[in-house]
Each structure stands twice: as structure tokens, then as C-alpha cells.
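Data from run.txt: compact mmCIF, C-alpha atoms
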```txt
# COMPACT_ATOMS: atom_id res chain seq x y z
CA ARG W 15 23.48 -19.29 32.30
CA ALA W 16 20.82 -21.67 30.99
CA VAL W 17 18.73 -23.14 33.78
CA LEU W 18 18.44 -26.96 33.56
CA CYS W 19 14.88 -28.01 34.11
CA ILE W 20 12.54 -30.90 33.53
CA SER W 21 10.83 -30.05 30.28
CA GLY W 22 7.10 -30.51 30.21
CA GLY W 23 6.85 -30.41 33.96
CA LEU W 24 4.78 -27.22 33.71
CA PRO W 25 1.81 -26.25 31.57
CA LYS W 26 2.72 -23.94 28.69
CA PRO W 27 2.11 -20.19 28.64
CA THR W 28 -0.95 -19.30 26.53
CA ASN W 29 -2.15 -16.62 24.10
CA ILE W 30 1.28 -15.94 22.67
CA THR W 31 1.14 -13.23 20.07
CA PHE W 32 2.96 -10.20 18.67
CA LEU W 33 1.53 -6.80 19.42
CA SER W 34 2.93 -4.57 16.68
CA ILE W 35 2.34 -0.85 16.23
CA ASN W 36 4.46 1.21 13.80
CA MET W 37 6.98 -1.63 13.75
CA ARG W 38 7.36 -1.73 17.48
CA ASN W 39 7.03 -5.50 17.90
CA ILE W 40 6.29 -6.79 21.38
CA LEU W 41 5.85 -10.46 22.10
CA GLN W 42 3.25 -11.06 24.79
CA TRP W 43 1.65 -14.09 26.42
CA SER W 44 -0.47 -15.18 29.36
CA PRO W 45 0.88 -17.17 32.33
CA PRO W 46 0.29 -20.95 32.36
CA GLU W 47 -3.01 -21.89 33.89
CA GLY W 48 -3.16 -23.16 37.42
CA LEU W 49 0.07 -21.55 38.66
CA GLN W 50 -1.33 -18.46 40.38
CA GLY W 51 1.00 -17.27 43.10
CA ALA W 52 3.95 -19.34 41.90
CA GLU W 53 7.11 -17.39 41.02
CA VAL W 54 7.17 -18.38 37.38
CA THR W 55 9.81 -16.96 35.05
CA TYR W 56 9.97 -17.05 31.28
CA THR W 57 12.57 -17.39 28.55
CA VAL W 58 12.08 -16.21 24.98
CA GLN W 59 13.73 -17.17 21.69
CA TYR W 60 13.08 -15.96 18.15
CA PHE W 61 13.65 -17.30 14.66
CA ILE W 62 14.05 -15.65 11.26
CA TYR W 63 12.09 -17.58 8.63
CA GLY W 64 14.50 -19.03 6.07
CA GLN W 65 17.44 -19.11 8.46
CA LYS W 66 18.77 -21.96 10.50
CA LYS W 67 18.76 -21.40 14.25
CA TRP W 68 16.59 -20.18 17.07
CA LEU W 69 18.24 -17.15 18.64
CA ASN W 70 18.28 -16.01 22.24
CA LYS W 71 17.13 -12.64 23.45
CA SER W 72 19.36 -12.17 26.48
CA GLU W 73 17.17 -9.48 28.04
CA CYS W 74 14.29 -11.96 28.02
CA ARG W 75 15.89 -14.90 29.79
CA ASN W 76 14.33 -15.89 33.13
CA ILE W 77 12.11 -12.80 33.29
CA ASN W 78 9.05 -12.32 35.48
CA ARG W 79 7.03 -10.16 33.08
CA THR W 80 4.84 -11.67 30.35
CA CYS W 81 6.11 -9.58 27.46
CA CYS W 82 9.36 -9.11 25.55
CA ASP W 83 10.27 -6.30 23.18
CA LEU W 84 11.65 -7.90 20.01
CA SER W 85 11.56 -4.72 17.93
CA VAL W 86 15.30 -4.66 17.31
CA GLU W 87 15.46 -8.34 16.44
CA THR W 88 12.52 -8.04 14.03
CA SER W 89 13.38 -4.64 12.59
CA ASP W 90 13.89 -5.92 9.04
CA TYR W 91 10.22 -5.78 8.21
CA GLU W 92 10.63 -7.68 4.93
CA HIS W 93 11.66 -10.77 6.84
CA GLN W 94 9.21 -13.08 8.58
CA TYR W 95 9.68 -14.35 12.11
CA TYR W 96 8.64 -16.83 14.73
CA ALA W 97 9.03 -16.43 18.48
CA LYS W 98 8.57 -18.86 21.32
CA VAL W 99 8.43 -18.76 25.12
CA LYS W 100 8.62 -21.32 27.89
CA ALA W 101 7.74 -21.07 31.59
CA ILE W 102 10.16 -22.04 34.34
CA TRP W 103 9.41 -22.67 38.02
CA GLU W 104 12.05 -24.09 40.33
CA THR W 105 13.34 -27.19 38.52
CA ASN W 106 10.39 -27.57 36.20
CA CYS W 107 9.75 -25.89 32.89
CA SER W 108 7.08 -26.05 30.24
CA LYS W 109 7.52 -27.03 26.63
CA TRP W 110 7.97 -24.13 24.23
CA VAL W 111 4.92 -22.43 22.82
CA GLU W 112 5.37 -20.76 19.45
CA THR W 113 3.75 -17.91 17.52
CA GLY W 114 2.56 -18.30 13.96
CA ARG W 115 4.66 -16.77 11.21
CA PHE W 116 4.85 -13.04 11.92
CA TYR W 117 5.26 -10.66 8.96
CA PRO W 118 5.81 -7.10 10.30
CA PHE W 119 5.30 -5.48 6.90
CA LEU W 120 1.77 -6.86 6.69
CA GLU W 121 0.82 -7.09 10.33
CA THR W 122 2.04 -3.98 12.09
CA GLN W 123 -0.75 -1.61 13.08
CA ILE W 124 -0.32 1.80 11.55
CA GLY W 125 -0.65 4.51 14.13
CA PRO W 126 -2.72 7.65 13.50
CA PRO W 127 -1.15 10.59 11.61
CA GLY W 128 -0.51 13.96 13.20
CA ILE W 129 -3.36 16.37 12.46
CA ALA W 130 -3.23 20.18 12.15
CA LEU W 131 -6.52 22.01 11.61
CA SER W 132 -7.11 25.59 10.51
CA THR W 133 -10.36 27.20 9.57
CA ASP W 134 -12.15 30.17 8.10
CA GLU W 135 -15.89 30.78 7.75
CA LYS W 136 -16.84 27.96 5.43
CA SER W 137 -13.88 25.67 5.20
CA ILE W 138 -11.44 23.69 7.27
CA SER W 139 -7.99 22.76 6.06
CA ILE W 140 -6.43 19.60 7.43
CA VAL W 141 -2.72 18.89 7.27
CA LEU W 142 -1.70 15.29 8.04
CA THR W 143 1.73 14.09 9.08
CA ALA W 144 2.45 10.40 8.62
CA PRO W 145 3.21 8.45 11.81
CA GLU W 146 6.80 7.57 12.57
CA LYS W 147 8.33 4.14 12.61
CA TRP W 148 9.39 2.97 16.06
CA LYS W 149 13.00 3.84 16.79
CA ARG W 150 15.32 2.36 19.35
CA ASN W 151 16.75 5.59 20.67
CA PRO W 152 15.00 8.98 20.68
CA GLU W 153 18.07 10.51 19.06
CA ASP W 154 18.01 8.07 16.16
CA SER W 155 16.88 9.65 12.90
CA SER W 156 13.18 9.37 12.27
CA VAL W 157 11.71 7.17 9.55
CA SER W 158 8.20 7.98 8.42
CA MET W 159 5.82 5.09 7.87
CA GLN W 160 5.20 6.80 4.51
CA GLN W 161 8.72 5.77 3.50
CA ILE W 162 7.79 2.15 4.19
CA TYR W 163 4.31 2.28 2.69
CA SER W 164 4.54 4.66 -0.25
CA ASN W 165 0.82 4.23 -0.94
CA LEU W 166 -0.29 4.98 2.63
CA LYS W 167 -3.83 6.34 2.66
CA TYR W 168 -5.91 8.12 5.31
CA ASN W 169 -9.56 7.78 6.15
CA VAL W 170 -10.68 11.18 7.43
CA SER W 171 -13.98 11.26 9.36
CA ILE W 172 -15.68 14.60 9.89
CA TYR W 173 -18.53 15.14 12.35
CA ASN W 174 -20.77 18.22 12.26
CA THR W 175 -21.82 18.70 15.89
CA LYS W 176 -24.76 20.94 14.89
CA SER W 177 -26.37 18.66 12.31
CA ASN W 178 -25.09 15.51 14.01
CA LYS W 179 -23.93 14.28 10.62
CA THR W 180 -20.67 12.40 9.93
CA TRP W 181 -18.99 11.80 6.58
CA SER W 182 -15.62 10.47 5.63
CA GLN W 183 -13.14 10.73 2.82
CA CYS W 184 -10.19 8.59 1.82
CA VAL W 185 -7.15 10.66 0.85
CA THR W 186 -3.63 9.90 -0.23
CA ASN W 187 -2.03 13.29 0.04
CA HIS W 188 -1.33 15.13 3.24
CA THR W 189 -3.50 18.20 2.85
CA LEU W 190 -7.24 18.28 2.58
CA VAL W 191 -9.59 21.27 2.42
CA LEU W 192 -13.18 20.72 3.44
CA GLY W 193 -15.34 23.35 1.79
CA TRP W 194 -18.99 24.40 1.82
CA LEU W 195 -19.19 24.13 5.61
CA GLU W 196 -21.56 25.99 7.91
CA PRO W 197 -20.20 29.13 9.62
CA ASP W 198 -19.87 29.25 13.38
CA THR W 199 -20.14 25.48 13.69
CA LEU W 200 -18.04 23.03 15.65
CA TYR W 201 -16.61 20.25 13.50
CA CYS W 202 -14.71 17.27 14.90
CA VAL W 203 -12.22 15.21 12.93
CA HIS W 204 -10.48 11.91 13.47
CA VAL W 205 -8.23 10.05 11.07
CA LEU W 206 -7.21 6.44 10.43
CA SER W 207 -4.10 5.41 8.53
CA LEU W 208 -4.64 2.74 5.87
CA ALA W 209 -1.75 0.65 4.53
CA PRO W 210 -1.81 -1.77 1.60
CA GLY W 211 -2.13 -5.49 2.07
CA PRO W 212 -4.71 -7.50 3.95
CA PRO W 213 -7.11 -5.64 6.24
CA ARG W 214 -5.32 -4.84 9.47
CA LEU W 215 -6.06 -3.17 12.77
CA ALA W 216 -5.48 0.58 12.85
CA GLN W 217 -5.51 3.06 15.70
CA PRO W 218 -7.79 6.05 15.11
CA SER W 219 -6.41 9.44 16.03
CA GLU W 220 -7.70 11.44 18.95
CA LYS W 221 -10.77 13.44 18.00
CA GLN W 222 -9.84 17.05 17.24
CA CYS W 223 -12.45 19.79 16.95
CA VAL W 224 -12.46 23.28 15.46
CA ARG W 225 -15.18 25.91 15.06
CA THR W 226 -15.67 27.65 11.72
CA LEU W 227 -15.67 31.44 11.94
CA LYS W 228 -18.82 33.51 12.15
CA ASP W 229 -20.17 34.62 8.77
CA GLN W 230 -18.61 38.10 8.41
CA THR W 231 -21.26 39.29 5.91
CA SER W 232 -24.12 38.78 8.34
CA ALA W 233 -21.99 40.39 11.07
CA LEU W 234 -21.69 43.60 8.99
CA LYS W 235 -25.43 44.01 8.42
CA GLY R 21 -10.57 1.00 -11.02
CA GLN R 22 -7.13 -0.16 -10.04
CA GLU R 23 -4.86 -2.20 -12.27
CA PHE R 24 -1.50 -3.91 -12.26
CA GLN R 25 1.25 -2.19 -14.17
CA PHE R 26 4.23 -4.56 -14.46
CA GLY R 27 6.37 -2.28 -16.60
CA PRO R 28 4.78 -2.35 -20.05
CA CYS R 29 2.31 -5.07 -19.04
CA ARG R 30 -1.04 -3.81 -17.81
CA VAL R 31 -3.62 -6.07 -16.16
CA GLU R 32 -7.09 -4.80 -15.33
CA GLY R 33 -10.04 -6.44 -13.66
CA VAL R 34 -8.31 -7.97 -10.65
CA VAL R 35 -9.27 -6.83 -7.14
CA LEU R 36 -6.11 -7.34 -5.08
CA GLN R 37 -8.01 -7.04 -1.79
CA GLU R 38 -9.88 -10.25 -2.70
CA LEU R 39 -6.58 -12.09 -3.04
CA TRP R 40 -5.45 -10.74 0.30
CA GLU R 41 -8.65 -11.87 1.97
CA ALA R 42 -8.39 -15.29 0.34
CA PHE R 43 -4.85 -15.72 1.64
CA ARG R 44 -5.67 -14.42 5.10
CA ALA R 45 -8.44 -16.99 5.47
CA MET R 46 -5.96 -19.84 5.14
CA LYS R 47 -2.66 -18.26 6.26
CA ASP R 48 -2.48 -19.85 9.71
CA ILE R 49 -3.57 -23.29 8.48
CA VAL R 50 -1.16 -23.44 5.55
CA GLN R 51 1.84 -21.85 7.27
CA ALA R 52 1.40 -24.16 10.29
CA LYS R 53 1.79 -27.13 7.92
CA ASP R 54 5.15 -25.82 6.72
CA ASN R 55 7.70 -27.41 9.07
CA ILE R 56 10.76 -26.54 7.05
CA THR R 57 11.12 -23.05 8.49
CA SER R 58 14.82 -22.93 7.60
CA VAL R 59 13.94 -22.55 3.92
CA ARG R 60 12.35 -19.51 2.33
CA LEU R 61 11.58 -19.92 -1.39
CA LEU R 62 10.81 -16.28 -2.24
CA ARG R 63 14.02 -14.97 -0.73
CA LYS R 64 14.99 -11.32 -0.94
CA GLU R 65 17.31 -12.02 -3.86
CA VAL R 66 14.33 -13.17 -5.92
CA LEU R 67 12.12 -10.10 -5.48
CA GLN R 68 14.27 -7.19 -4.33
CA ASN R 69 15.13 -4.31 -6.69
CA VAL R 70 13.28 -5.76 -9.67
CA SER R 71 13.12 -3.17 -12.44
CA ASP R 72 9.79 -2.32 -13.99
CA THR R 73 10.72 -3.84 -17.32
CA GLU R 74 11.94 -6.99 -15.62
CA SER R 75 8.80 -7.32 -13.50
CA CYS R 76 6.56 -8.51 -16.35
CA TYR R 77 8.87 -11.43 -17.17
CA LEU R 78 9.29 -12.37 -13.53
CA ILE R 79 5.64 -12.23 -12.49
CA ARG R 80 4.63 -14.25 -15.51
CA ALA R 81 7.16 -16.97 -14.73
CA LEU R 82 6.15 -17.06 -11.07
CA LEU R 83 2.39 -17.16 -11.71
CA LYS R 84 2.73 -19.87 -14.36
CA PHE R 85 4.82 -21.90 -11.92
CA TYR R 86 2.23 -21.45 -9.19
CA LEU R 87 -0.53 -22.52 -11.57
CA ASN R 88 1.30 -25.48 -13.12
CA THR R 89 3.25 -26.76 -10.14
CA VAL R 90 2.08 -25.35 -6.83
CA PHE R 91 -1.67 -25.31 -7.26
CA LYS R 92 -1.83 -28.31 -9.58
CA ASN R 93 -3.01 -31.46 -7.77
CA SER R 94 -3.19 -29.45 -4.57
CA LEU R 95 -6.89 -28.67 -4.77
CA ASP R 96 -8.00 -32.25 -4.13
CA LYS R 97 -5.63 -32.50 -1.19
CA ALA R 98 -7.12 -29.35 0.34
CA ALA R 99 -9.50 -31.11 2.71
CA ASP R 100 -10.36 -27.96 4.61
CA SER R 101 -13.17 -26.03 2.86
CA ARG R 102 -11.67 -22.67 3.86
CA ILE R 103 -8.53 -23.63 2.02
CA ARG R 104 -10.44 -24.84 -1.03
CA LYS R 105 -12.31 -21.52 -1.33
CA SER R 106 -9.16 -19.47 -0.88
CA PHE R 107 -7.35 -21.79 -3.20
CA SER R 108 -9.73 -21.32 -6.07
CA THR R 109 -9.86 -17.54 -5.60
CA LEU R 110 -6.08 -17.35 -5.80
CA ALA R 111 -5.77 -19.83 -8.66
CA ASN R 112 -8.47 -18.13 -10.74
CA ASN R 113 -6.99 -14.69 -10.25
CA PHE R 114 -3.45 -15.90 -10.92
CA PHE R 115 -4.74 -17.43 -14.15
CA VAL R 116 -6.43 -14.17 -15.20
CA ILE R 117 -3.28 -12.15 -14.49
CA ALA R 118 -0.92 -14.61 -16.18
CA SER R 119 -3.08 -14.84 -19.28
CA LYS R 120 -3.08 -11.07 -19.74
CA LEU R 121 0.69 -10.67 -19.41
CA GLN R 122 2.39 -10.26 -22.79
CA PRO R 123 6.05 -9.46 -22.13
CA SER R 124 7.97 -8.17 -25.11
CA GLN R 125 9.89 -10.80 -27.08
CA GLU R 126 12.13 -8.33 -28.83
CA LYS R 127 15.85 -9.02 -28.99
CA GLU R 128 16.89 -5.91 -27.12
CA MET R 129 14.89 -7.12 -24.14
CA PHE R 130 16.97 -10.31 -23.91
CA SER R 131 19.19 -9.15 -21.03
CA THR R 132 16.16 -8.04 -19.05
CA SER R 133 14.34 -11.28 -19.53
CA GLU R 134 17.55 -13.15 -18.67
CA SER R 135 17.82 -11.26 -15.40
CA ALA R 136 14.25 -12.15 -14.58
CA ARG R 137 14.91 -15.77 -15.50
CA ARG R 138 17.89 -15.96 -13.13
CA ARG R 139 15.71 -14.66 -10.31
CA PHE R 140 13.02 -17.18 -11.13
CA LEU R 141 15.57 -20.01 -11.21
CA LEU R 142 16.65 -19.12 -7.64
CA PHE R 143 13.07 -19.71 -6.57
CA GLN R 144 12.56 -22.83 -8.70
CA ARG R 145 15.79 -24.51 -7.55
CA ALA R 146 14.93 -23.92 -3.90
CA PHE R 147 11.50 -25.43 -4.61
CA GLN R 148 12.95 -28.48 -6.35
CA GLN R 149 15.26 -29.24 -3.45
CA LEU R 150 12.27 -30.10 -1.30
CA ASP R 151 9.83 -32.98 -1.38
CA ILE R 152 7.08 -31.92 -3.80
CA GLN R 153 4.30 -31.81 -1.23
CA ALA R 154 6.38 -29.93 1.32
CA ALA R 155 7.44 -27.53 -1.44
CA GLN R 156 3.83 -26.95 -2.54
CA THR R 157 2.80 -26.25 1.06
CA LYS R 158 5.72 -23.86 1.53
CA ALA R 159 5.06 -22.00 -1.74
CA PHE R 160 1.41 -21.75 -0.81
CA GLY R 161 2.35 -20.30 2.59
CA GLU R 162 4.55 -17.70 0.90
CA VAL R 163 1.78 -16.20 -1.22
CA ASP R 164 1.78 -13.25 1.20
CA ILE R 165 5.36 -12.49 0.16
CA LEU R 166 4.34 -12.70 -3.50
CA LEU R 167 1.26 -10.51 -3.04
CA THR R 168 3.29 -7.94 -1.07
CA TRP R 169 5.65 -7.64 -4.04
CA MET R 170 2.78 -7.58 -6.56
CA GLU R 171 1.08 -4.78 -4.63
CA LYS R 172 3.95 -2.45 -5.50
CA PHE R 173 2.75 -2.61 -9.11
CA TYR R 174 -0.93 -2.09 -8.30
CA GLN R 175 -2.20 1.40 -8.90
```
In C-alpha cells, write the structure found in this file.
Amino acid sequence: RAVLCISGGLPKPTNITFLSINMRNILQWSPPEGLQGAEVTYTVQYFIYGQKKWLNKSECRNINRTCCDLSVETSDYEHQYYAKVKAIWETNCSKWVETGRFYPFLETQIGPPGIALSTDEKSISIVLTAPEKWKRNPEDSSVSMQQIYSNLKYNVSIYNTKSNKTWSQCVTNHTLVLGWLEPDTLYCVHVLSLAPGPPRLAQPSEKQCVRTLKDQTSALK
Amino acid sequence: GQEFQFGPCRVEGVVLQELWEAFRAMKDIVQAKDNITSVRLLRKEVLQNVSDTESCYLIRALLKFYLNTVFKNSLDKAADSRIRKSFSTLANNFFVIASKLQPSQEKEMFSTSESARRRFLLFQRAFQQLDIQAAQTKAFGEVDILLTWMEKFYQ
């Protein structure tokens, strides 16, 4: 049931923005200033650009938290969206505060790929697995971000712990063999996913390290 | 380097990342000026499932429209210098691309060009239903939709 309140009686929430990773789209904001300690609640609505009405998100009506998961409502990543939130306290509420136009296809952060490393004396082979699109239920079928961004690229950074040198390569396919390495040396790798479009934030993978094997020829001498 | 390949039409010498950066610099300003959020000019029906052969006709029509109708007379209204810089980057690159597009005029391509024309008319009619300045602002704010579609043909 909609709560009747005096609009504009409260300051607006601030810093409203979408945090989007692999198409998981979470609206987040900061509480209105000057209301510390007050039991403020919030109500969220969203809008599909090109359509007519603001729509309610029932799970985000009169909530205490300062975030709202709109992944389902914004799952068509070729659409563009707006969202807005207002603060409510007792019989007062703020005016709405709105996001800019949110375009998931261009703005979602691409998570890191899965990395599998294997090695021999002088080379390391790297197998990358594209990150998965967010899914509502774990049992839903998986959609790879590669299916959304056919020209997904990866920036692979390699660090030689002995020489303290780092180099990186940009690859499009999922397997990469690094040759001419030093035997018996620890190499560390981390990978960034790169999608087309304007520059966007990306989450680097965890660093993974592997040691090349000892040089068998010198071992036999 | 990379090039556009709109079906048979190839366009070299354009760095798409520069267009993206130009648009990003003005996105928030321009889109905030668009108050008619219930209208989207580049709707899905305009750009979805465009065949390769159709793409050359469609992109040429769209870019010429942007140059002759959206960008025209807009530059002097762009008070904000960030917009003016982005504006000229986009306009110059759109001009380069459009001038290099030579879609086939052969008879057997008529149905393809007609299909592209119908798509373009969807966009143009939606544009013409709005006040010219509001329509220019909206079309300007939708350049990210256009670039997203163009990127599919950039290799």
C-alpha cells in the first residue's frame, strides 16, 4: 500500500547509481544528509527508455537498505533504463532522485575469465573461460558473456618473479601459449576482460602463479 | 588497422574508440536535456536483425540524416565546449564514413534497399513527430545506440 507523505519534506537520497557486473544491475544510493539515526525507508521505481510509465519494484517499496537489485527488470541489455528512489520518514518524504540513462550493454563491468594454467620447462599454456552472465536462479541455464559480446578480448598480464619483469598481451581466443620462458621460474598471471564500446571498468582476475619445470637437460648432466 | 565492413561496403581510416570517447564526454549532458523519455528513435525494429547487405544502405541513410538534420545548425547551439569538441569529432567521422559508402545500385538489390529504407523511415517518422530541437537532442543522445550497432560491423 502506497504511503501518503508530504513530498519534499525530506532531503533527497544522494549518489544514486547503478553498479553493474556481468549484467547484474544493482541500484544503490546514499541516505539523505542530516538524517542520521532516523528510521528512513526508501521506495524505488524504474523506467524503460522509449516506454510510457514508471514501474514499481514491489520488493523495493519502503525498504531500509540503500540498494535494490533491478537485474530482472533490466535484463534486456539492449534497452536503456532510468531508475529513481525517494526517502520516507514518518509522514514526510523526499522528492524523487533519478539516475542518468543506464545502458547495460555498454556499462556493465565484465568480470574476469576463468584461468587454467599448465606448464612445462619453457612454456606456460593458459586456457581462459569467459565469465558468465548473471542469472536469477542457480539452476537457470548459463549464458556466457562471450555470447553477448562476440568480440570479447582479454588482456593477459604475465609477471616473471625472478626478473621482476611484467608484459602483457591482448588475445581474442581462449588459449594462449607463452613460450621461451625460463625454467624453474615462478610466473604469475592475471587477466582482464575487454568488451567493445566506450572504455569501461573491468575487474582483474585473481593473480595465479605457476612454476616452470626444471631444465631436464641440465638435470641429466 | 580495423575497418568497417557493412556488407560489401568497406570503410577504413576511422578509429571507433575515438567516436566512443567523443560520445562519452557529452553523454550525461545531452541525455539529461532529453525530457521525452517515452520516445526512443532508434528502436529495436530499426536496427535489429539487419542483414549484411542491407547494412550499407541503412547506415548510409542514417549517417546522412545525422549530418543533414541532426548535426546541422546544432553546432552553434552547443554552448558547452565539451559538447562542441565531441560534436565535431562525431560529425567529421560520420562524414568520412558516409562519403566512403557506395551501396550497389543494381536492380536485384532493390528489395534489400527497400527493406533498409523502411527501417530508416521508422526512425525518420519518429524524429519528425517531435519538435525539431527536441528531436535533434534526442537523436544526439542516442548516438550510443547507433555506435553499438555500428561496432558489430567493425573488424
Can you write out as a tab-separated table which residues of chain W fall within 7 Å of chain R, alongside each residue's closest atom pair and its distance in Å to one decimal, counting only C-alpha atoms and ordering rows by chain and ascending residue number?
```
residue	atom	partner	partner_atom	distance
W:Tyr63	CA	R:Thr57	CA	5.6
W:Gly64	CA	R:Val59	CA	4.2
W:Gln65	CA	R:Ser58	CA	4.7
W:Lys66	CA	R:Ser58	CA	5.0
W:Gly114	CA	R:Asp48	CA	6.8
W:Gly211	CA	R:Trp40	CA	6.5
W:Pro212	CA	R:Trp40	CA	4.9
```
Surrounding residues of Leu192 in chain W excluding itself and chain neighbours under 6 positions, 9 Å, all atoms listed in the file, as a list in words: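 Listed by chain and then number, they are Lys136, Ser137, Ile138, Ser139 and Ile140 of chain W.
In this comparison, which uses all atoms listed in the file, the residue of W:Asn151, W:Glu53, W:Pro45, W:Ile35 approaching Gln217 in chain W most closely is W:Ile35.
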Residues near Leu24 in chain W, cut-off 7 Å, all atoms listed in the file, skip fewer than 6 positions along chain, as a count of residues only: 3
Top pick for closest residue to Asp72 in chain R, considering R:Ser119, R:Asn88, R:Gln25, R:Ser106 and counting all atoms listed in the file: R:Gln25
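Excluding Thr226 in chain W and any residue on its chain fewer than 3 positions from it, the residues at most 9 Å away by all atoms listed in the file are Ser132, Thr133, Asp134, Glu135, Lys136, Ser137, Ile138, Leu195, Glu196, Pro197, Asp198, Thr199, Leu200, Tyr201 and Asp229 of chain W.
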Could those selected residues go to a file with C-alpha atoms, as a PDB file, in the frame of the given file?
```
ATOM      1  CA  SER W 132      -7.110  25.590  10.510  1.00  0.00           C
ATOM      2  CA  THR W 133     -10.360  27.200   9.570  1.00  0.00           C
ATOM      3  CA  ASP W 134     -12.150  30.170   8.100  1.00  0.00           C
ATOM      4  CA  GLU W 135     -15.890  30.780   7.750  1.00  0.00           C
ATOM      5  CA  LYS W 136     -16.840  27.960   5.430  1.00  0.00           C
ATOM      6  CA  SER W 137     -13.880  25.670   5.200  1.00  0.00           C
ATOM      7  CA  ILE W 138     -11.440  23.690   7.270  1.00  0.00           C
ATOM      8  CA  LEU W 195     -19.190  24.130   5.610  1.00  0.00           C
ATOM      9  CA  GLU W 196     -21.560  25.990   7.910  1.00  0.00           C
ATOM     10  CA  PRO W 197     -20.200  29.130   9.620  1.00  0.00           C
ATOM     11  CA  ASP W 198     -19.870  29.250  13.380  1.00  0.00           C
ATOM     12  CA  THR W 199     -20.140  25.480  13.690  1.00  0.00           C
ATOM     13  CA  LEU W 200     -18.040  23.030  15.650  1.00  0.00           C
ATOM     14  CA  TYR W 201     -16.610  20.250  13.500  1.00  0.00           C
ATOM     15  CA  ASP W 229     -20.170  34.620   8.770  1.00  0.00           C
TER      16      ASP W 229
END
```
For Ser171 in chain W, find every residue with an atom within 12 Å (counting only C-alpha atoms), except residues of its own chain fewer than 6 positions away, and show them as a PDB file with C-alpha atoms, in the frame of the given file.
```pdb
ATOM      1  CA  ILE W 140      -6.430  19.600   7.430  1.00  0.00           C
ATOM      2  CA  LYS W 179     -23.930  14.280  10.620  1.00  0.00           C
ATOM      3  CA  THR W 180     -20.670  12.400   9.930  1.00  0.00           C
ATOM      4  CA  TRP W 181     -18.990  11.800   6.580  1.00  0.00           C
ATOM      5  CA  SER W 182     -15.620  10.470   5.630  1.00  0.00           C
ATOM      6  CA  GLN W 183     -13.140  10.730   2.820  1.00  0.00           C
ATOM      7  CA  CYS W 184     -10.190   8.590   1.820  1.00  0.00           C
ATOM      8  CA  VAL W 185      -7.150  10.660   0.850  1.00  0.00           C
ATOM      9  CA  LEU W 190      -7.240  18.280   2.580  1.00  0.00           C
ATOM     10  CA  LEU W 192     -13.180  20.720   3.440  1.00  0.00           C
ATOM     11  CA  TYR W 201     -16.610  20.250  13.500  1.00  0.00           C
ATOM     12  CA  CYS W 202     -14.710  17.270  14.900  1.00  0.00           C
ATOM     13  CA  VAL W 203     -12.220  15.210  12.930  1.00  0.00           C
ATOM     14  CA  HIS W 204     -10.480  11.910  13.470  1.00  0.00           C
ATOM     15  CA  VAL W 205      -8.230  10.050  11.070  1.00  0.00           C
ATOM     16  CA  LEU W 206      -7.210   6.440  10.430  1.00  0.00           C
ATOM     17  CA  SER W 207      -4.100   5.410   8.530  1.00  0.00           C
ATOM     18  CA  PRO W 218      -7.790   6.050  15.110  1.00  0.00           C
ATOM     19  CA  SER W 219      -6.410   9.440  16.030  1.00  0.00           C
ATOM     20  CA  GLU W 220      -7.700  11.440  18.950  1.00  0.00           C
ATOM     21  CA  LYS W 221     -10.770  13.440  18.000  1.00  0.00           C
ATOM     22  CA  GLN W 222      -9.840  17.050  17.240  1.00  0.00           C
ATOM     23  CA  CYS W 223     -12.450  19.790  16.950  1.00  0.00           C
TER      24      CYS W 223
END
```
Interatomic distance, CA of Ala159 in chain R to CA of Leu215 in chain W (Å, one decimal):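 Pair CA of Ala159 in chain R / CA of Leu215 in chain W returns 26.2 Å.
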Among listed residues W:Tyr173, W:Trp148, W:Tyr95, W:Trp68, nearest Ile124 in chain W (using all atoms listed in the file):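 When distances to Ile124 in chain W are compared using all atoms listed in the file, the smallest one comes from W:Trp148.
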Non-local contacts of Ser71 in chain R (10 Å; all atoms listed in the file; under 4 positions in same chain excluded) as an MDAnalysis selection string: chainID R and resid 26:27 67 75:76 132 135:136
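If all atoms listed in the file are the atoms counted, then among W:Ser155, W:Gln94, W:Gln59, W:Ser164 the closest residue to Arg115 in chain W is W:Gln94.
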Interatomic distance, CA of Gln42 in chain W to CA of Val58 in chain W (Å, one decimal): 10.2 Å
Closest of W:Ser156, W:Leu49, W:Asn187, W:Gln123 to Pro213 in chain W - atom-to-atom distances counting all atoms listed in the file: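 So, comparing all the options, the nearest one is W:Gln123.
CA of Ala216 in chain W to CA of Leu166 in chain W spans 12.3 Å [interatomic distance, one decimal].
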Best match for closeness to Arg38 in chain W among W:Ile77, W:Lys100, W:Ser21, W:Lys149, counting only C-alpha atoms: W:Lys149
Test item: axis-aligned box, all listed atoms of range 96-101 of chain W, 6 Å on each side, centre and edges in Å rounded to one decimal, as JSON:
```
{"center_x": 8.4, "center_y": -18.9, "center_z": 23.2, "size_x": 13.3, "size_y": 16.9, "size_z": 28.9}
```
